[in-house]
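Chemist: Below are the structure tokens for one structure; questions will follow.
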Amino acid sequence: MTTPKVEIYTKLYCGYCVRAKRLLASKGVDFEEYDITLGGPKKEEMLRRKPDAFTVPQIFIDDIPVGGSDDLARLDHEGKLDSLLGL
């Protein structure tokens, strides 16, 4: 089984971003983090990928938008996150 690509768009001083990254790290998952605090091309990329994304973090697993920190925690609580992460 291949390891899925996990990407997370974050902003500086975002508690929800820290929480999501902590959950991913606790699972031993590597992820690419894109800081969009100052906007720029990565923020534009995030909005192209998920036009209704008004908050951070925005998390993608194998290009599938998972949502934010609460969504990630809900998937974990429901026992669905591990299978998405290939664990």
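Convention: chains lettered A, B, ... in structure tokens order; per-chain residue numbering from 1; ligands numbered from 1 as shown.
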Could you pull the residues within 10 Å of Thr55 in chain A, counting only C-alpha atoms, minus those fewer than 6 positions along the same chain, as a ChimeraX atom specification?

Modeler: /A:9-11,16,67-68

Chemist: Generate a file of the selected residues that holds N, CA and C atoms, formatted as a PDB file, in the first residue's frame.

Modeler:
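Writing done, so here's again34.pdb:
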ATOM      1  N   TYR A   9      -2.865  23.486   4.487  1.00  0.00           N
ATOM      2  CA  TYR A   9      -2.688  24.929   4.328  1.00  0.00           C
ATOM      3  C   TYR A   9      -2.935  25.554   5.697  1.00  0.00           C
ATOM      4  N   THR A  10      -1.992  26.376   6.150  1.00  0.00           N
ATOM      5  CA  THR A  10      -2.055  26.929   7.501  1.00  0.00           C
ATOM      6  C   THR A  10      -1.762  28.423   7.500  1.00  0.00           C
ATOM      7  N   LYS A  11      -1.989  29.026   8.654  1.00  0.00           N
ATOM      8  CA  LYS A  11      -1.598  30.409   8.913  1.00  0.00           C
ATOM      9  C   LYS A  11      -0.876  30.455  10.252  1.00  0.00           C
ATOM     10  N   TYR A  16      -6.123  26.041  15.508  1.00  0.00           N
ATOM     11  CA  TYR A  16      -6.715  24.893  14.811  1.00  0.00           C
ATOM     12  C   TYR A  16      -5.690  24.206  13.914  1.00  0.00           C
ATOM     13  N   GLY A  67     -11.211  18.954   4.726  1.00  0.00           N
ATOM     14  CA  GLY A  67     -11.795  20.037   5.506  1.00  0.00           C
ATOM     15  C   GLY A  67     -10.785  20.591   6.476  1.00  0.00           C
ATOM     16  N   GLY A  68     -11.269  20.991   7.644  1.00  0.00           N
ATOM     17  CA  GLY A  68     -10.409  21.608   8.641  1.00  0.00           C
ATOM     18  C   GLY A  68     -10.096  20.695   9.807  1.00  0.00           C
TER      19      GLY A  68
END

Chemist: Enumerate as JSON, numbers by chain all residues of chain A assigned to alpha helix (DSSP H) by DSSP on the backbone, naming them with the chain letters and numbers the document uses.

Modeler: {"A": [15, 16, 17, 18, 19, 20, 21, 22, 23, 24, 25, 26, 41, 42, 43, 44, 45, 46, 47, 48, 49, 69, 70, 71, 72, 73, 74, 75, 76, 77, 81, 82, 83, 84]}

Chemist: Write out as a list in words each polymer residue whose atoms come within 10 Å of Asp63 in chain A, counting only C-alpha atoms; drop sequence neighbours fewer than 4 positions from it.

Modeler: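 Listed by chain and then number, they are Pro4, Lys5, Val6, Glu7, Arg49 and Ile59 of chain A.
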
Chemist: Restricting it to N, CA and C atoms, dump the selection as a PDB file, in the first residue's frame.

Modeler:
ATOM      1  N   PRO A   4      -0.403   7.875   1.319  1.00  0.00           N
ATOM      2  CA  PRO A   4      -1.089   8.983   0.660  1.00  0.00           C
ATOM      3  C   PRO A   4      -0.345  10.302   0.872  1.00  0.00           C
ATOM      4  N   LYS A   5      -0.543  11.204  -0.063  1.00  0.00           N
ATOM      5  CA  LYS A   5       0.035  12.542   0.046  1.00  0.00           C
ATOM      6  C   LYS A   5      -0.903  13.389   0.902  1.00  0.00           C
ATOM      7  N   VAL A   6      -0.365  13.942   1.982  1.00  0.00           N
ATOM      8  CA  VAL A   6      -1.154  14.760   2.895  1.00  0.00           C
ATOM      9  C   VAL A   6      -0.622  16.193   2.812  1.00  0.00           C
ATOM     10  N   GLU A   7      -1.527  17.136   2.559  1.00  0.00           N
ATOM     11  CA  GLU A   7      -1.164  18.541   2.455  1.00  0.00           C
ATOM     12  C   GLU A   7      -2.058  19.342   3.389  1.00  0.00           C
ATOM     13  N   ARG A  49      -8.411  24.752  -5.461  1.00  0.00           N
ATOM     14  CA  ARG A  49      -8.684  23.364  -5.095  1.00  0.00           C
ATOM     15  C   ARG A  49      -9.983  23.225  -4.311  1.00  0.00           C
ATOM     16  N   ILE A  59      -7.165  20.762   4.733  1.00  0.00           N
ATOM     17  CA  ILE A  59      -6.381  19.529   4.658  1.00  0.00           C
ATOM     18  C   ILE A  59      -6.832  18.724   3.446  1.00  0.00           C
TER      19      ILE A  59
END

Chemist: Return the single residue from A:Ile64, A:Leu72, A:Arg48, A:Gly40 that is closest to Cys17 in chain A, with distances computed using only C-alpha atoms.

Modeler: A:Leu72

Chemist: Could you pull out the residues in range 2-86 of chain A that DSSP calls strand (DSSP E or B) from the backbone, as a ChimeraX atom specification?

Modeler: /A:6-10,32-35,58-61,64-67

Chemist: Taking only C-alpha atoms into account, name the residue in A:Gly39, A:Ile8, A:Gly79, A:Glu44 that is nearest to Arg22 in chain A.

Modeler: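 Under the stated criterion, the closest residue is A:Ile8.
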
Chemist: Please measure the separation of CA of Lys21 in chain A and CA of Thr2 in chain A, giving the value in Å to one decimal.

Modeler: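 That distance, rounded to one decimal, is 20.8 Å.
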